[in-house]
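*Asks:* Just passing along the structure, written as structure tokens.
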2 protein chains.
Amino acid sequence: MTTREETTALDKLNRALESGALQQVRFTLNTSLRPVEVAHLLEKSPPKERQILWNLIKEENEGKVLQYLPDDIQADILSTMDTDRVLAVTESLDTDDVADILQQLPERVTKELLQIMDQQNRERLEEILGYPEDTAGGLMNTDTVTIRPDITVETVLRYIRRHNEIPEMTDSLFVVSRKKESYIGILPLTKLLVSDPNITVREIMNTDIDPIPADMPDDEVAKLFEKHDLVSAPVVNTEGRLLGRITIDDVVDVIREDADHSLMSMAGLDEDEDTFAPLMKTTRRRAVWLGINLITALTASAVIGIFQDTIDKVVALAVLMPIVASMGGIAGSQTLTLVIRGQALGHVERSNAGWLLNRELLVGGLNGLLWALVVAGVSIFWFEDTTIGLVIGLAIIINLIAGALSGTLLPLILKNWGIDPALAGSVLLTTITDVVGFFAFLGLATYFYG
Amino acid sequence: MTTREETTALDKLNRALESGALQQVRFTLNTSLRPVEVAHLLEKSPPKERQILWNLIKEENEGKVLQYLPDDIQADILSTMDTDRVLAVTESLDTDDVADILQQLPERVTKELLQIMDQQNRERLEEILGYPEDTAGGLMNTDTVTIRPDITVETVLRYIRRHNEIPEMTDSLFVVSRKKESYIGILPLTKLLVSDPNITVREIMNTDIDPIPADMPDDEVAKLFEKHDLVSAPVVNTEGRLLGRITIDDVVDVIREDADHSLMSMAGLDEDEDTFAPLMKTTRRRAVWLGINLITALTASAVIGIFQDTIDKVVALAVLMPIVASMGGIAGSQTLTLVIRGQALGHVERSNAGWLLNRELLVGGLNGLLWALVVAGVSIFWFEDTTIGLVIGLAIIINLIAGALSGTLLPLILKNWGIDPALAGSVLLTTITDVVGFFAFLGLATYFYG
């Protein structure tokens, strides 16, 4: 199928696996590749190969690899480990990554794990685990470098030099009060480096940026990061005490997942859906979606059933009717996708919904008119029957307007009801355009031929 | 529709616009809001309001607002300005942002602009404009802080302190050779801050990270940033000379656009599509998509046309036939979406395509079997006819397998041909599942009732 002689790492590993050269694979996995690359490799391997590869990874590398895997695969792998093993695996990780991993475990195991941890780690973890994974609290890590406002730049520099290492992704130090560790402001490293050594932190710190409340939803955190071009940001509890920080690498994951969410949900898939999920798991998930869509299809059939006599008289109607439903569905889907994306980006809200509905109705009407003429022409030519042209033309205009109407209103209404428009929108839209399409076309035909 | 008494900034502005309180709006736009917030506001405003708002923005703020707007809207606004105005507007911006804006202008205007710029800016800009917008060169800016490898940490610290300000998003200094400015390595600020002042840069710099070649496509740049959790990265030309740097804020935009691309393309929309694009512009774009889909629908009708006589005999076929096409289309879309996303994430490639096809065929077969039984049962009960149950059951199994086959193979083949699977995949898939569905169902019916 392709002529490119691309030899990927996976190809090589596959060949090594096939030839049984496990020693070589083990070496590659533990020495040549970075943990994130191993995770990527596991992700693109079918389940059986994935298990074999996982077993070849050295224990000390398992944690690092695990943190880069999506939830689905993490849960699968963790379910095969006992508690001691999980503890060993998570020992070398950041608290936020440990928390993410623990969230994939049954509660009983998490409790057991927390009991055998040392106290400082346990307290930090319990703090993070108290917040849902999709909030600022769930995203944060506790690797902050904090300073007091009343010390000088020189003291800060000396204090930092005593660290052997500053945590990765540290672009700012957080200024907190001596009492209660209340968040006061940030001191960017770039500012620290250019400031007069004798000046105090208070004089140069930045208090413009509001700290992020721990219960802020993660998509709002992502919008804040995008808006202010942040690399890291402080997280506080309701009393204003600094709990930790969120870093851009974790925000990027949120952005990618959110964007994936609309795409996957509109096809009835879960954005955590593993491309290589095992057969039965994915069959079951998709069966549900097909079942829901079958209800749509049966509804459409029921509408057609009403007009059986008319079809019996004019069989050309059966030939042409899918066109009406299809054109309405396509036009409606375009509107729906546009509105769902607008909602995700925060562009569509009550204040401009009226304008949008108006425009979409006009687009639907104009395109309805255009394609009604074309399809009417084709139909008249094909069946040498002017009436059928008139009927299908009218039905197309009606259905494209129905598509525009439901494509705009459905996501607004669903969101208002707390239902995810990306998930429910497309099924409902198809139901509407199918029902309206068949009803308009066959109803008009019954009237004109009746 | 909603009871929440949410008063957004847009609501307020709208009311102010309506009541003609332009002075108040002008004040809000130029004083209370940040440029990125003004851009967001413009983005969510319908065209007419957008133009009014834009005219209220002070000249000195226009550039900053412009850089946060999507290409589409940028081009619209720029087309109303003369060359001198564009020059004034872009004066305060980073070179990469100016380059992005210039790319929205006709070539003639760009040339004129470059001629009236000062030499240093012109040279930098020409360098960036030489690379397509969707490559590392197009993404980069030239705000790098460079140092030589043979100086000490203390000298670096002194050199930096002489700057009044370090460019935003600077997490690392770039180490370049004295001759020809060849890239050698990076020195993270966090490393600089904890190192012994008497040590030389060479001893502590990081040479692990390969610099990014200027012609690397932007989605690969994004993958590199995600893989290595980068905040900024050096960009070099083919000779290894440092040209500039890419920062995470621009990479986040790439990630969002790429993720949007699949969603929008599958509905025949452009990811740059402005939610509030003017009526005629969006009508024209969507008319093309409807036209392409009409060909699919007409093909399906042609297939049904072949079997008119059979439908004439058994009108129940007309009632049930949309179910077969719809179930195949839904199942195929799920596979298609999964594979297209897998391709975008770099998970699906030649080495694992075989496994994936195999699994999808099994999923299709199993779900086909399950829903064939259900639909057959419903049909037999509805029309009191066993033959029709047998026919529709078989047709559903065939069509779900056709959906799995084309959902997996189409994106692989299209990508191999250099055609975007997200754009062409869904139309082709629907054509296949419609044609196969109607052909299988009506063909089998002709055989059994014939």
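Order determines the names: the first chain of the structure tokens is A, the second B, and so forth; residues in each chain are numbered 1 upward, and ligands are numbered 1 upward as they are shown.
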Write out as JSON, numbers by chain each polymer residue whose atoms come within 9 Å of Leu412 of chain B, counting only C-alpha atoms; drop sequence neighbours fewer than 5 positions from it.

*Replies:* {"B": [339, 340, 343, 348, 349, 350, 353, 417, 421]}

*Asks:* When DSSP works through the backbone of this structure, what residues of segment 45-230 of chain B end up as strand (DSSP E), shown as a list in words?

*Replies:*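 Filtering segment 45-230 of chain B down to strand (DSSP E) leaves Thr146, Ile147, Ser172, Leu173, Phe174, Val175, Val176, Tyr183, Ile184, Gly185, Ile186, Leu187, Pro188, Ile212 and Pro213 of chain B.
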
*Asks:* Save the residues we just selected, N, CA and C atoms, as a compact mmCIF listing (two decimals), in the first residue's frame?

*Replies:*
```txt
# COMPACT_ATOMS: atom_id res chain seq x y z
N THR B 146 21.16 35.31 23.76
CA THR B 146 22.23 34.36 23.47
C THR B 146 23.47 34.66 24.29
N ILE B 147 24.21 33.59 24.62
CA ILE B 147 25.49 33.73 25.37
C ILE B 147 26.53 32.83 24.72
N SER B 172 15.08 29.78 29.09
CA SER B 172 16.44 29.33 28.83
C SER B 172 17.19 30.37 28.02
N LEU B 173 18.49 30.43 28.22
CA LEU B 173 19.35 31.22 27.34
C LEU B 173 19.93 30.25 26.31
N PHE B 174 20.20 30.76 25.12
CA PHE B 174 20.75 29.89 24.09
C PHE B 174 22.25 30.12 23.97
N VAL B 175 23.00 29.03 23.99
CA VAL B 175 24.45 29.11 23.89
C VAL B 175 24.83 28.98 22.41
N VAL B 176 25.54 29.99 21.88
CA VAL B 176 25.94 29.94 20.47
C VAL B 176 27.44 30.18 20.35
N TYR B 183 24.31 27.17 16.86
CA TYR B 183 23.67 26.73 18.10
C TYR B 183 24.50 25.64 18.75
N ILE B 184 24.73 25.77 20.05
CA ILE B 184 25.50 24.74 20.77
C ILE B 184 24.66 24.05 21.85
N GLY B 185 23.87 24.82 22.60
CA GLY B 185 23.10 24.20 23.67
C GLY B 185 22.23 25.23 24.36
N ILE B 186 21.50 24.81 25.39
CA ILE B 186 20.70 25.77 26.13
C ILE B 186 21.14 25.81 27.59
N LEU B 187 20.89 26.95 28.21
CA LEU B 187 21.16 27.09 29.64
C LEU B 187 19.85 27.52 30.31
N PRO B 188 19.14 26.57 30.95
CA PRO B 188 17.89 26.92 31.61
C PRO B 188 18.16 27.93 32.74
N ILE B 212 15.45 22.78 16.69
CA ILE B 212 14.40 22.49 15.71
C ILE B 212 14.77 23.08 14.36
N PRO B 213 14.79 22.27 13.30
CA PRO B 213 15.07 22.83 11.97
C PRO B 213 13.92 23.73 11.53
```

*Asks:* Using only C-alpha atoms, which residue out of A:Glu271, A:Asp229, A:Asp76, A:Glu257 lies closest to chain B?

*Replies:*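 Smallest separation from chain B among the options: A:Asp229.
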
*Asks:* Check segment 228-411 of chain A with DSSP on the backbone and list each residue it calls alpha helix (DSSP H), as a PyMOL selection string.

*Replies:* chain A and resi 228+248-266+279-306+308-313+316-344+350-383+386-411

*Asks:* Can you list, as a PyMOL selection string, every protein, DNA or RNA residue that comes within 10 Å of Ala88 of chain B when you count only C-alpha atoms, leaving out same-chain residues fewer than 4 positions away?

*Replies:* chain B and resi 59-60+62-63+83-84+92

*Asks:* For segment 246-253 of chain B, please output as a list in words all residues within 6 Å (counting only C-alpha atoms; exclusion window: fewer than 4 positions along the same chain).

*Replies:*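 Residues near the query, excluding close chain neighbours: Asp229 of chain A; Met140, Ala222, Val231, Ser232 and Ala233 of chain B.
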
*Asks:* State, in Å with one decimal place, the distance from atom CA of Gly291 of chain A to atom CA of Asp385 of chain B.

*Replies:* 22.9 Å

*Asks:* Excluding Thr335 of chain A and any residue of its chain fewer than 2 positions from it, enumerate the residues within 8 Å of it, using only C-alpha atoms, and give them as a PyMOL selection string.

*Replies:* chain A and resi 331-333+337-339+360+403-404+407-408

*Asks:* Using N, CA and C atoms, can you export the residues from the last selection as an mmCIF file, in the first residue's frame?

*Replies:*
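Generated output (again_25.cif):
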```
data_model
loop_
_atom_site.group_PDB
_atom_site.id
_atom_site.type_symbol
_atom_site.label_atom_id
_atom_site.label_comp_id
_atom_site.auth_asym_id
_atom_site.auth_seq_id
_atom_site.Cartn_x
_atom_site.Cartn_y
_atom_site.Cartn_z
ATOM 1 N N ALA A 331 -26.567 19.640 6.179
ATOM 2 C CA ALA A 331 -26.628 21.079 6.486
ATOM 3 C C ALA A 331 -26.746 21.296 7.993
ATOM 4 N N GLY A 332 -27.593 20.497 8.644
ATOM 5 C CA GLY A 332 -27.762 20.606 10.086
ATOM 6 C C GLY A 332 -26.476 20.296 10.836
ATOM 7 N N SER A 333 -25.746 19.283 10.382
ATOM 8 C CA SER A 333 -24.493 18.910 11.041
ATOM 9 C C SER A 333 -23.479 20.031 10.965
ATOM 10 N N THR A 337 -21.949 21.530 14.311
ATOM 11 C CA THR A 337 -20.516 21.507 14.575
ATOM 12 C C THR A 337 -20.001 22.919 14.873
ATOM 13 N N LEU A 338 -20.451 23.870 14.063
ATOM 14 C CA LEU A 338 -20.034 25.254 14.238
ATOM 15 C C LEU A 338 -20.432 25.782 15.623
ATOM 16 N N VAL A 339 -21.656 25.480 16.032
ATOM 17 C CA VAL A 339 -22.142 25.996 17.310
ATOM 18 C C VAL A 339 -21.443 25.285 18.477
ATOM 19 N N GLU A 360 -27.977 31.531 10.478
ATOM 20 C CA GLU A 360 -28.065 30.131 10.079
ATOM 21 C C GLU A 360 -29.362 29.850 9.319
ATOM 22 N N GLY A 403 -32.885 21.903 9.635
ATOM 23 C CA GLY A 403 -31.509 21.581 10.029
ATOM 24 C C GLY A 403 -30.832 22.785 10.686
ATOM 25 N N ALA A 404 -31.012 23.973 10.085
ATOM 26 C CA ALA A 404 -30.403 25.186 10.633
ATOM 27 C C ALA A 404 -30.971 25.495 12.018
ATOM 28 N N GLY A 407 -29.835 22.677 14.427
ATOM 29 C CA GLY A 407 -28.378 22.751 14.596
ATOM 30 C C GLY A 407 -27.967 23.899 15.506
ATOM 31 N N THR A 408 -28.733 24.992 15.473
ATOM 32 C CA THR A 408 -28.412 26.134 16.337
ATOM 33 C C THR A 408 -29.002 25.965 17.733
#
```

*Asks:* From the list B:Phe307, B:Trp355, B:Trp382, B:Phe439, which residue is nearest Ala277 of chain A when using only C-alpha atoms?

*Replies:* B:Trp355

*Asks:* Quick one: distance from atom CA of Gly450 of chain B to atom CA of Lys313 of chain B in Å, one decimal?

*Replies:*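 For atom CA of Gly450 of chain B relative to atom CA of Lys313 of chain B, the distance reads 9.6 Å.
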
*Asks:* Which polymer residues have any atom within 9 Å of an atom of segment 153-157 of chain A, counting only C-alpha atoms, with same-chain residues fewer than 6 positions away left out, as a PyMOL selection string?

*Replies:* (chain A and resi 147+192-193+195-201) or (chain B and resi 193-194)

*Asks:* Write the residues of the selection above to a file with C-alpha atoms, as a CSV table (one decimal), in the first residue's frame.

*Replies:*
```
chain,number,residue,atom,x,y,z
A,147,ILE,CA,9.5,33.3,49.3
A,192,LEU,CA,14.5,38.4,39.6
A,193,LEU,CA,17.5,38.2,37.3
A,195,SER,CA,16.5,43.5,39.5
A,196,ASP,CA,18.7,45.4,41.8
A,197,PRO,CA,20.0,43.0,44.5
A,198,ASN,CA,19.2,45.4,47.3
A,199,ILE,CA,15.5,45.9,46.5
A,200,THR,CA,12.9,43.8,48.3
A,201,VAL,CA,10.6,41.2,46.8
B,193,LEU,CA,20.3,30.3,39.3
B,194,VAL,CA,21.7,27.3,41.3
```

*Asks:* Taking only C-alpha atoms into account, which of B:Ala297, B:Leu442, B:Ala325, B:Ile398 comes nearest chain A?

*Replies:*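 Nearest to chain A: B:Ala297.
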
*Asks:* Given the choices A:Val319, A:Ala16, A:Ile392, A:Leu224, which gets closest to chain B if the distance is worked out from only C-alpha atoms?

*Replies:*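 Among the listed residues, the smallest separation from chain B belongs to A:Val319.
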
*Asks:* Enter the distance from atom CA of Ile128 of chain A to atom CA of Asp274 of chain A, in Å, rounded to one decimal.

*Replies:*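 The value is 26.1 Å.
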
*Asks:* Out of B:Gly130, B:Leu444, B:Gln104, B:Arg50, which residue has the shortest atom-to-atom distance to Thr310 of chain B when counting only C-alpha atoms?

*Replies:* B:Leu444

*Asks:* For Val145 of chain B, which residue out of B:Ile52, B:Ala21, B:Ala267, B:Leu243 is the nearest one, using only C-alpha atoms?

*Replies:* B:Leu243

*Asks:* Please provide the set of residues having any atom within 12 Å of Ile306 of chain A, restricted to only C-alpha atoms, with same-chain residues fewer than 2 positions apart removed, written as a ChimeraX atom specification.

*Replies:* /A:299-304,308-312,435,438-439,442-443,446 /B:315-316,318-319

*Asks:* Could you save the residues just selected, with N, CA, C and O atoms, as a PDB file, in the first residue's frame?

*Replies:*
```pdb
ATOM      1  N   THR A 299     -37.635   5.534  14.099  1.00  0.00           N
ATOM      2  CA  THR A 299     -38.566   6.665  14.070  1.00  0.00           C
ATOM      3  C   THR A 299     -38.780   7.126  12.633  1.00  0.00           C
ATOM      4  O   THR A 299     -39.916   7.358  12.192  1.00  0.00           O
ATOM      5  N   ALA A 300     -37.654   7.245  11.900  1.00  0.00           N
ATOM      6  CA  ALA A 300     -37.758   7.650  10.503  1.00  0.00           C
ATOM      7  C   ALA A 300     -38.592   6.646   9.715  1.00  0.00           C
ATOM      8  O   ALA A 300     -39.458   7.030   8.909  1.00  0.00           O
ATOM      9  N   SER A 301     -38.351   5.374   9.960  1.00  0.00           N
ATOM     10  CA  SER A 301     -39.116   4.332   9.259  1.00  0.00           C
ATOM     11  C   SER A 301     -40.597   4.430   9.579  1.00  0.00           C
ATOM     12  O   SER A 301     -41.456   4.234   8.704  1.00  0.00           O
ATOM     13  N   ALA A 302     -40.905   4.713  10.842  1.00  0.00           N
ATOM     14  CA  ALA A 302     -42.307   4.839  11.237  1.00  0.00           C
ATOM     15  C   ALA A 302     -42.982   5.958  10.439  1.00  0.00           C
ATOM     16  O   ALA A 302     -44.127   5.828   9.990  1.00  0.00           O
ATOM     17  N   VAL A 303     -42.229   7.072  10.239  1.00  0.00           N
ATOM     18  CA  VAL A 303     -42.775   8.185   9.452  1.00  0.00           C
ATOM     19  C   VAL A 303     -43.044   7.736   8.019  1.00  0.00           C
ATOM     20  O   VAL A 303     -44.108   8.003   7.454  1.00  0.00           O
ATOM     21  N   ILE A 304     -42.073   7.019   7.448  1.00  0.00           N
ATOM     22  CA  ILE A 304     -42.269   6.525   6.079  1.00  0.00           C
ATOM     23  C   ILE A 304     -43.477   5.592   6.028  1.00  0.00           C
ATOM     24  O   ILE A 304     -44.286   5.628   5.093  1.00  0.00           O
ATOM     25  N   GLN A 308     -47.079   4.689   3.270  1.00  0.00           N
ATOM     26  CA  GLN A 308     -46.891   3.514   2.406  1.00  0.00           C
ATOM     27  C   GLN A 308     -47.767   3.551   1.156  1.00  0.00           C
ATOM     28  O   GLN A 308     -47.315   3.215   0.058  1.00  0.00           O
ATOM     29  N   ASP A 309     -49.023   3.988   1.328  1.00  0.00           N
ATOM     30  CA  ASP A 309     -49.947   3.984   0.187  1.00  0.00           C
ATOM     31  C   ASP A 309     -49.468   4.915  -0.915  1.00  0.00           C
ATOM     32  O   ASP A 309     -49.549   4.592  -2.105  1.00  0.00           O
ATOM     33  N   THR A 310     -48.997   6.083  -0.503  1.00  0.00           N
ATOM     34  CA  THR A 310     -48.500   7.047  -1.491  1.00  0.00           C
ATOM     35  C   THR A 310     -47.305   6.477  -2.249  1.00  0.00           C
ATOM     36  O   THR A 310     -47.211   6.586  -3.475  1.00  0.00           O
ATOM     37  N   ILE A 311     -46.371   5.852  -1.501  1.00  0.00           N
ATOM     38  CA  ILE A 311     -45.190   5.262  -2.149  1.00  0.00           C
ATOM     39  C   ILE A 311     -45.622   4.160  -3.108  1.00  0.00           C
ATOM     40  O   ILE A 311     -45.084   4.013  -4.211  1.00  0.00           O
ATOM     41  N   ASP A 312     -46.642   3.403  -2.690  1.00  0.00           N
ATOM     42  CA  ASP A 312     -47.164   2.321  -3.520  1.00  0.00           C
ATOM     43  C   ASP A 312     -47.648   2.874  -4.863  1.00  0.00           C
ATOM     44  O   ASP A 312     -47.491   2.258  -5.907  1.00  0.00           O
ATOM     45  N   VAL A 435     -36.953  12.870  10.352  1.00  0.00           N
ATOM     46  CA  VAL A 435     -38.407  12.924  10.521  1.00  0.00           C
ATOM     47  C   VAL A 435     -39.003  14.062   9.694  1.00  0.00           C
ATOM     48  O   VAL A 435     -39.942  13.859   8.918  1.00  0.00           O
ATOM     49  N   PHE A 438     -38.554  13.240   5.772  1.00  0.00           N
ATOM     50  CA  PHE A 438     -39.487  12.243   5.231  1.00  0.00           C
ATOM     51  C   PHE A 438     -40.932  12.747   5.312  1.00  0.00           C
ATOM     52  O   PHE A 438     -41.727  12.548   4.403  1.00  0.00           O
ATOM     53  N   PHE A 439     -41.248  13.381   6.429  1.00  0.00           N
ATOM     54  CA  PHE A 439     -42.624  13.851   6.611  1.00  0.00           C
ATOM     55  C   PHE A 439     -42.976  14.918   5.580  1.00  0.00           C
ATOM     56  O   PHE A 439     -44.032  14.869   4.939  1.00  0.00           O
ATOM     57  N   LEU A 442     -42.915  13.163   1.849  1.00  0.00           N
ATOM     58  CA  LEU A 442     -44.017  12.220   1.585  1.00  0.00           C
ATOM     59  C   LEU A 442     -45.370  12.867   1.860  1.00  0.00           C
ATOM     60  O   LEU A 442     -46.357  12.570   1.172  1.00  0.00           O
ATOM     61  N   GLY A 443     -45.408  13.770   2.838  1.00  0.00           N
ATOM     62  CA  GLY A 443     -46.659  14.478   3.120  1.00  0.00           C
ATOM     63  C   GLY A 443     -47.086  15.344   1.944  1.00  0.00           C
ATOM     64  O   GLY A 443     -48.238  15.295   1.495  1.00  0.00           O
ATOM     65  N   THR A 446     -48.263  13.171  -0.832  1.00  0.00           N
ATOM     66  CA  THR A 446     -49.624  12.666  -0.600  1.00  0.00           C
ATOM     67  C   THR A 446     -50.649  13.733  -0.969  1.00  0.00           C
ATOM     68  O   THR A 446     -51.675  13.454  -1.592  1.00  0.00           O
TER      69      THR A 446
ATOM     70  N   VAL B 315     -43.721  -2.837  -0.738  1.00  0.00           N
ATOM     71  CA  VAL B 315     -43.524  -1.450  -0.343  1.00  0.00           C
ATOM     72  C   VAL B 315     -42.845  -1.333   1.035  1.00  0.00           C
ATOM     73  O   VAL B 315     -42.216  -0.334   1.355  1.00  0.00           O
ATOM     74  N   ALA B 316     -42.920  -2.394   1.838  1.00  0.00           N
ATOM     75  CA  ALA B 316     -42.261  -2.393   3.142  1.00  0.00           C
ATOM     76  C   ALA B 316     -40.762  -2.147   2.998  1.00  0.00           C
ATOM     77  O   ALA B 316     -40.116  -1.603   3.897  1.00  0.00           O
ATOM     78  N   ALA B 318     -39.293   0.006   1.136  1.00  0.00           N
ATOM     79  CA  ALA B 318     -39.062   1.456   1.169  1.00  0.00           C
ATOM     80  C   ALA B 318     -39.067   1.976   2.597  1.00  0.00           C
ATOM     81  O   ALA B 318     -38.338   2.892   2.948  1.00  0.00           O
ATOM     82  N   VAL B 319     -39.923   1.365   3.413  1.00  0.00           N
ATOM     83  CA  VAL B 319     -40.035   1.805   4.804  1.00  0.00           C
ATOM     84  C   VAL B 319     -38.764   1.465   5.580  1.00  0.00           C
ATOM     85  O   VAL B 319     -38.280   2.262   6.386  1.00  0.00           O
TER      86      VAL B 319
END
```
